[in-house]
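*Asks:* Pasting upload_29.cif below, which is mmCIF, C-alpha atoms and all ligand atoms.
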data_my_file
loop_
_atom_site.group_PDB
_atom_site.id
_atom_site.type_symbol
_atom_site.label_atom_id
_atom_site.label_comp_id
_atom_site.auth_asym_id
_atom_site.auth_seq_id
_atom_site.Cartn_x
_atom_site.Cartn_y
_atom_site.Cartn_z
ATOM 1 C CA MET A 1 0.000 0.000 0.000
ATOM 2 C CA GLU A 2 1.236 3.503 -0.689
ATOM 3 C CA GLN A 3 -0.013 7.016 -0.123
ATOM 4 C CA MET A 4 -0.239 9.797 -2.678
ATOM 5 C CA LYS A 5 0.496 13.290 -1.534
ATOM 6 C CA LEU A 6 -1.472 15.935 -3.429
ATOM 7 C CA SER A 7 -0.199 19.483 -3.443
ATOM 8 C CA ALA A 8 -1.577 22.821 -4.577
ATOM 9 C CA LYS A 9 0.196 26.088 -5.217
ATOM 10 C CA ILE A 10 -1.676 29.259 -4.261
ATOM 11 C CA THR A 11 -0.095 32.710 -4.378
ATOM 12 C CA VAL A 12 -1.289 35.074 -1.669
ATOM 13 C CA CYS A 13 -0.932 38.770 -2.405
ATOM 14 C CA ARG A 14 -2.381 42.171 -1.762
ATOM 15 C CA TYR A 15 -4.298 44.238 -4.313
ATOM 16 C CA ASN A 16 -1.391 46.607 -4.911
ATOM 17 C CA GLU A 17 0.889 43.680 -5.787
ATOM 18 C CA LEU A 18 -1.312 42.660 -8.739
ATOM 19 C CA SER A 19 -0.458 43.535 -12.347
ATOM 20 C CA SER A 20 -2.574 46.266 -13.941
ATOM 21 C CA ASP A 21 -4.549 43.661 -15.943
ATOM 22 C CA GLU A 22 -5.214 41.712 -12.750
ATOM 23 C CA LYS A 23 -6.333 44.870 -10.919
ATOM 24 C CA ILE A 24 -8.795 45.600 -13.727
ATOM 25 C CA LEU A 25 -10.202 42.054 -13.531
ATOM 26 C CA VAL A 26 -10.570 42.267 -9.750
ATOM 27 C CA ASP A 27 -12.299 45.670 -10.069
ATOM 28 C CA GLU A 28 -14.664 44.125 -12.627
ATOM 29 C CA ALA A 29 -15.513 41.237 -10.280
ATOM 30 C CA ARG A 30 -16.197 43.687 -7.464
ATOM 31 C CA ALA A 31 -18.435 45.727 -9.758
ATOM 32 C CA ALA A 32 -20.176 42.592 -11.059
ATOM 33 C CA LEU A 33 -21.436 41.605 -7.616
ATOM 34 C CA LEU A 34 -23.712 44.657 -7.615
ATOM 35 C CA ALA A 35 -25.826 42.864 -10.229
ATOM 36 C CA ALA A 36 -26.268 39.753 -8.086
ATOM 37 C CA TYR A 37 -29.822 38.665 -7.325
ATOM 38 C CA ALA A 38 -29.407 37.183 -3.861
ATOM 39 C CA PRO A 39 -32.550 37.904 -1.794
ATOM 40 C CA TYR A 40 -32.355 34.520 -0.046
ATOM 41 C CA SER A 41 -28.721 34.283 1.035
ATOM 42 C CA ARG A 42 -27.911 38.027 1.001
ATOM 43 C CA PHE A 43 -24.492 36.818 -0.166
ATOM 44 C CA ARG A 44 -23.546 38.571 -3.391
ATOM 45 C CA VAL A 45 -20.832 37.125 -5.589
ATOM 46 C CA GLY A 46 -19.272 38.758 -8.646
ATOM 47 C CA ALA A 47 -17.103 37.131 -11.286
ATOM 48 C CA ALA A 48 -15.189 38.590 -14.209
ATOM 49 C CA ALA A 49 -13.741 36.358 -16.912
ATOM 50 C CA ARG A 50 -10.991 37.628 -19.198
ATOM 51 C CA LEU A 51 -11.055 36.210 -22.723
ATOM 52 C CA ALA A 52 -7.967 35.772 -24.899
ATOM 53 C CA ASP A 53 -9.091 38.678 -27.112
ATOM 54 C CA GLY A 54 -9.166 41.017 -24.092
ATOM 55 C CA ARG A 55 -12.926 41.038 -23.586
ATOM 56 C CA ILE A 56 -14.160 40.790 -19.995
ATOM 57 C CA VAL A 57 -17.419 38.953 -19.315
ATOM 58 C CA ARG A 58 -19.136 39.529 -15.974
ATOM 59 C CA GLY A 59 -21.307 37.193 -13.972
ATOM 60 C CA SER A 60 -23.062 37.308 -10.621
ATOM 61 C CA ASN A 61 -25.078 34.849 -8.575
ATOM 62 C CA GLN A 62 -28.723 34.620 -9.533
ATOM 63 C CA GLU A 63 -30.949 32.961 -6.958
ATOM 64 C CA ASN A 64 -34.424 31.497 -7.168
ATOM 65 C CA ALA A 65 -37.210 30.626 -4.714
ATOM 66 C CA SER A 66 -36.666 27.063 -5.930
ATOM 67 C CA PHE A 67 -33.125 27.072 -4.504
ATOM 68 C CA PRO A 68 -31.362 24.580 -6.809
ATOM 69 C CA ALA A 69 -32.473 26.618 -9.824
ATOM 70 C CA GLY A 70 -30.107 29.449 -8.855
ATOM 71 C CA LEU A 71 -26.669 29.808 -10.387
ATOM 72 C CA CYS A 72 -23.299 30.860 -8.977
ATOM 73 C CA ALA A 73 -21.453 33.897 -10.292
ATOM 74 C CA GLU A 74 -18.610 31.838 -11.760
ATOM 75 C CA ARG A 75 -20.873 29.664 -13.878
ATOM 76 C CA THR A 76 -22.964 32.662 -14.938
ATOM 77 C CA ALA A 77 -19.759 34.299 -16.252
ATOM 78 C CA LEU A 78 -18.257 31.184 -17.842
ATOM 79 C CA PHE A 79 -21.491 30.053 -19.511
ATOM 80 C CA SER A 80 -22.089 33.586 -20.723
ATOM 81 C CA ALA A 81 -18.551 33.690 -22.183
ATOM 82 C CA GLY A 82 -19.198 30.336 -23.859
ATOM 83 C CA ALA A 83 -22.447 31.611 -25.351
ATOM 84 C CA LEU A 84 -20.996 34.943 -26.508
ATOM 85 C CA ALA A 85 -17.613 33.784 -27.803
ATOM 86 C CA PRO A 86 -17.465 29.991 -28.036
ATOM 87 C CA ASP A 87 -14.152 29.978 -29.923
ATOM 88 C CA VAL A 88 -12.276 32.412 -27.702
ATOM 89 C CA PRO A 89 -10.370 30.861 -24.799
ATOM 90 C CA VAL A 90 -11.003 32.109 -21.269
ATOM 91 C CA GLU A 91 -7.681 32.929 -19.647
ATOM 92 C CA ALA A 92 -8.560 34.173 -16.176
ATOM 93 C CA ILE A 93 -11.464 34.671 -13.813
ATOM 94 C CA ALA A 94 -11.652 36.913 -10.739
ATOM 95 C CA LEU A 95 -14.174 36.479 -7.917
ATOM 96 C CA ALA A 96 -15.331 38.783 -5.142
ATOM 97 C CA ALA A 97 -18.146 38.593 -2.589
ATOM 98 C CA GLU A 98 -20.105 40.580 -0.038
ATOM 99 C CA ALA A 99 -22.157 39.215 2.841
ATOM 100 C CA ASP A 100 -24.977 41.590 3.806
ATOM 101 C CA GLY A 101 -23.242 44.395 1.935
ATOM 102 C CA VAL A 102 -19.851 43.878 3.598
ATOM 103 C CA PRO A 103 -16.887 42.590 1.547
ATOM 104 C CA THR A 104 -15.825 39.166 2.795
ATOM 105 C CA LEU A 105 -12.625 39.259 4.821
ATOM 106 C CA ALA A 106 -11.585 35.810 3.599
ATOM 107 C CA PRO A 107 -11.046 35.390 -0.134
ATOM 108 C CA ILE A 108 -14.076 33.833 -1.833
ATOM 109 C CA THR A 109 -13.238 30.369 -3.114
ATOM 110 C CA PRO A 110 -15.416 28.635 -5.719
ATOM 111 C CA CYS A 111 -17.852 25.846 -4.896
ATOM 112 C CA GLY A 112 -17.177 22.325 -6.132
ATOM 113 C CA ILE A 113 -19.539 22.476 -9.106
ATOM 114 C CA CYS A 114 -17.949 25.736 -10.308
ATOM 115 C CA ARG A 115 -14.503 24.138 -10.009
ATOM 116 C CA GLN A 116 -15.711 21.326 -12.247
ATOM 117 C CA VAL A 117 -16.996 23.869 -14.788
ATOM 118 C CA MET A 118 -13.658 25.706 -14.609
ATOM 119 C CA LEU A 119 -11.908 22.415 -15.318
ATOM 120 C CA GLU A 120 -14.083 21.911 -18.397
ATOM 121 C CA THR A 121 -13.104 25.427 -19.523
ATOM 122 C CA GLU A 122 -9.413 24.508 -19.257
ATOM 123 C CA ASN A 123 -9.937 21.228 -21.085
ATOM 124 C CA ARG A 124 -12.090 22.828 -23.757
ATOM 125 C CA TYR A 125 -9.567 25.532 -24.661
ATOM 126 C CA LYS A 126 -6.465 23.544 -23.688
ATOM 127 C CA LYS A 127 -5.239 26.501 -21.651
ATOM 128 C CA PRO A 128 -4.840 26.943 -17.919
ATOM 129 C CA LEU A 129 -7.419 29.200 -16.296
ATOM 130 C CA ARG A 130 -5.952 31.629 -13.774
ATOM 131 C CA ILE A 131 -8.259 32.137 -10.786
ATOM 132 C CA LEU A 132 -8.096 35.269 -8.626
ATOM 133 C CA MET A 133 -10.065 34.899 -5.404
ATOM 134 C CA CYS A 134 -10.546 38.205 -3.603
ATOM 135 C CA GLY A 135 -11.019 38.934 0.023
ATOM 136 C CA ARG A 136 -11.152 42.368 1.632
ATOM 137 C CA ASP A 137 -7.366 42.654 1.902
ATOM 138 C CA GLU A 138 -5.859 39.627 0.217
ATOM 139 C CA VAL A 139 -6.124 37.884 -3.129
ATOM 140 C CA TYR A 140 -5.443 34.173 -3.564
ATOM 141 C CA ILE A 141 -4.238 33.240 -7.025
ATOM 142 C CA ALA A 142 -4.271 29.758 -8.538
ATOM 143 C CA SER A 143 -2.581 29.448 -11.922
ATOM 144 C CA SER A 144 -4.816 26.518 -12.892
ATOM 145 C CA VAL A 145 -8.023 24.957 -11.590
ATOM 146 C CA ARG A 146 -5.926 21.820 -11.094
ATOM 147 C CA ASP A 147 -4.666 23.465 -7.920
ATOM 148 C CA LEU A 148 -8.264 23.708 -6.661
ATOM 149 C CA LEU A 149 -9.548 20.340 -7.833
ATOM 150 C CA PRO A 150 -7.164 17.468 -7.275
ATOM 151 C CA LEU A 151 -8.070 14.096 -8.774
ATOM 152 C CA ALA A 152 -10.618 15.818 -10.975
ATOM 153 C CA PHE A 153 -13.189 13.868 -12.912
ATOM 154 C CA SER A 154 -13.090 14.106 -16.676
ATOM 155 C CA LEU A 155 -14.319 11.924 -19.512
HETATM 156 N N1 LIG B 201 -22.154 31.367 -4.649
HETATM 157 C C1 LIG B 201 -21.502 31.780 -5.762
HETATM 158 O O1 LIG B 201 -22.042 32.547 -6.563
HETATM 159 N N2 LIG B 201 -20.244 31.334 -5.972
HETATM 160 C C2 LIG B 201 -19.562 30.509 -5.108
HETATM 161 O O2 LIG B 201 -18.444 30.106 -5.410
HETATM 162 C C3 LIG B 201 -20.169 30.101 -3.859
HETATM 163 C C4 LIG B 201 -21.586 30.450 -3.667
HETATM 164 C C5 LIG B 201 -23.506 31.849 -4.402
HETATM 165 C C6 LIG B 201 -24.587 30.809 -4.479
HETATM 166 C C7 LIG B 201 -25.656 31.432 -3.621
HETATM 167 O O3 LIG B 201 -26.415 32.331 -4.420
HETATM 168 C C8 LIG B 201 -24.891 32.227 -2.587
HETATM 169 O O4 LIG B 201 -23.583 32.392 -3.107
HETATM 170 C C9 LIG B 201 -24.827 31.571 -1.220
HETATM 171 O O5 LIG B 201 -24.375 30.283 -1.315
#
Before we go any further, please render this structure as structure tokens.

*Replies:*
Amino acid sequence: MEQMKLSAKITVCRYNELSSDEKILVDEARAALLAAYAPYSRFRVGAAARLADGRIVRGSNQENASFPAGLCAERTALFSAGALAPDVPVEAIALAAEADGVPTLAPITPCGICRQVMLETENRYKKPLRILMCGRDEVYIASSVRDLLPLAFSL
């Protein structure tokens, strides 16, 4: 019997340490959360996906009285990018969140289903997807969803 050790690399930095492109993407994610429809959880999430041609596609969580019908911000952004520009790779996605109108102190990290959708995005375009997860003061950066989803399922 042997054990596998799985490791993940996450960069932790502050907003002012980001590149100018990264700052723009983070600002877009923070702006995107204002369009969330979250009357049930009062937890607003914004996402901003940067496409290879420079376009930025926003998403936000959209809830529903029938809870499972709602959609997370990340999938709203990635599915929207897929619908708008199916042939253009997605290179990065930034996330930000507010609970009851207050920015989350801890960086917002994507749910399991969104990680799986991010993995499909990487596989589809054969390019790593950079993920910037924002908290009030710190940003966690993963250079691929593989760092967030070890032993991922794929067909
Ligand atoms: N949510 C997201 O939009 N993204 C995540 O990564 C985690 C959770 C949303 C779903 C729901 O509308 C609210 O946050 C509370 O779970």

*Asks:* For Ala106 of chain A, which residue among A:Val26, A:Arg42, A:Tyr140, A:Asn64 is the nearest when counting all atoms listed in the file?

*Replies:*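 Among the listed residues, A:Tyr140 lies closest to Ala106 of chain A.
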
*Asks:* Need to verify the contact set: Lys127 of chain A, 9 Å, all atoms listed in the file, exclusion of same-chain residues closer than 6 positions in sequence. Can you return it as an MDAnalysis selection string?

*Replies:* chainID A and resid 89:91 121 144

*Asks:* Please, what is the axis-aligned box for every listed atom of segment 40-43 of chain A with 6 Å on each side, as centre and edge lengths in Å to one decimal, as lines of an AutoDock Vina configuration file?

*Replies:*
center_x = -28.4
center_y = 36.2
center_z = 0.4
size_x = 19.9
size_y = 15.7
size_z = 13.2

*Asks:* Go through the shown structure with the PyMOL selection byres (((chain A and resi 122) around 12) and not hetatm) and write out the matching residues as a VMD selection string.

*Replies:* chain A and resid 78 88 to 93 115 to 121 123 to 131 143 to 146 154

*Asks:* So, counting all atoms listed in the file, which residue among A:Arg14, A:Lys5, A:Arg136, A:Arg75 is closest to Ala49 of chain A?

*Replies:* A:Arg75

*Asks:* Go through chain A and flag each residue having an atom no more than 9 Å from ligand LIG 201 (chain B); for those, report the closest pair of atoms plus their distance in Å to one decimal, using only C-alpha atoms and all ligand atoms, ordered by chain and rising number, as a tab-separated table.

*Replies:*
residue	atom	partner	partner_atom	distance
A:Ala36	CA	B:LIG201	O3	8.3
A:Tyr37	CA	B:LIG201	O3	7.8
A:Ala38	CA	B:LIG201	O3	5.7
A:Pro39	CA	B:LIG201	O3	8.7
A:Tyr40	CA	B:LIG201	O3	7.7
A:Ser41	CA	B:LIG201	C9	5.3
A:Arg42	CA	B:LIG201	C8	7.5
A:Phe43	CA	B:LIG201	C8	5.2
A:Arg44	CA	B:LIG201	O4	6.2
A:Val45	CA	B:LIG201	O1	4.8
A:Gly46	CA	B:LIG201	O1	7.1
A:Ala47	CA	B:LIG201	O1	8.2
A:Gly59	CA	B:LIG201	O1	8.8
A:Ser60	CA	B:LIG201	O1	6.3
A:Asn61	CA	B:LIG201	O1	4.3
A:Gln62	CA	B:LIG201	O3	6.1
A:Glu63	CA	B:LIG201	O3	5.2
A:Asn64	CA	B:LIG201	O3	8.5
A:Phe67	CA	B:LIG201	O3	8.5
A:Gly70	CA	B:LIG201	O3	6.5
A:Leu71	CA	B:LIG201	C6	6.3
A:Cys72	CA	B:LIG201	O1	3.2
A:Ala73	CA	B:LIG201	O1	4.0
A:Glu74	CA	B:LIG201	N2	6.0
A:Arg75	CA	B:LIG201	O1	7.9
A:Thr76	CA	B:LIG201	O1	8.4
A:Leu95	CA	B:LIG201	O2	8.1
A:Ala96	CA	B:LIG201	N2	9.0
A:Ala97	CA	B:LIG201	O1	8.2
A:Ile108	CA	B:LIG201	O2	6.8
A:Thr109	CA	B:LIG201	O2	5.7
A:Pro110	CA	B:LIG201	O2	3.4
A:Cys111	CA	B:LIG201	O2	4.3
A:Gly112	CA	B:LIG201	O2	7.9
A:Ile113	CA	B:LIG201	O2	8.5
A:Cys114	CA	B:LIG201	O2	6.6
A:Arg115	CA	B:LIG201	O2	8.5

*Asks:* May I have the residues within 8 Å of Asp147 of chain A as a PyMOL selection string, using only C-alpha atoms and disregarding those fewer than 3 positions away in the same chain?

*Replies:* chain A and resi 7-10+142-144+150

*Asks:* Env of Gly135 of chain A: 7 Å cut, atoms = all atoms listed in the file, seq-sep filter 2 positions within chain, self excluded. Answer as a list of chain:residue names.

*Replies:*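 Those residues are A:Ala96, A:Thr104, A:Leu105, A:Ala106, A:Pro107, A:Ile108, A:Met133, A:Asp137, A:Glu138, A:Val139.
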
*Asks:* Using atom CA of Ser80 of chain A and atom CA of Ile24 of chain A as the two end points, give the distance in Å to one decimal.

*Replies:* 19.2 Å

*Asks:* Interatomic distance between atom CA of Ala35 of chain A and atom CA of Ala65 of chain A?

*Replies:* 17.6 Å

*Asks:* For Leu18 of chain A, which residue among A:Met4, A:Ala152, A:Ala94, A:Ala83 is the nearest when counting all atoms listed in the file?

*Replies:*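 Looking only at the distances to Leu18 of chain A, the closest residue turns out to be A:Ala94.
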
*Asks:* Using all atoms listed in the file, find the one residue out of A:Leu132, A:Ser66, A:Val102, A:Arg58 that sits nearest to Leu84 of chain A.

*Replies:*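 Answer, going by the shortest atom-to-atom distance: A:Arg58.
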
*Asks:* Could you state the separation of atom CA of Phe153 of chain A and atom CA of Leu6 of chain A in Å, given to one decimal place?

*Replies:*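 Going from atom CA of Phe153 of chain A over to atom CA of Leu6 of chain A, I get 15.2 Å.
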
*Asks:* So, with only C-alpha atoms as the atoms that count, which of A:Leu149, A:Leu51, A:Ala99, A:Leu155 lies closest to Asp21 of chain A?

*Replies:* A:Leu51

*Asks:* Let me make sure I understand: among A:Cys13, A:Ala81, A:Cys134, A:Ile56, which one has the smallest atom-to-atom distance to Arg30 of chain A if we use all atoms listed in the file?

*Replies:*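 Among A:Cys13, A:Ala81, A:Cys134, A:Ile56, it is A:Cys134 that comes nearest to Arg30 of chain A.
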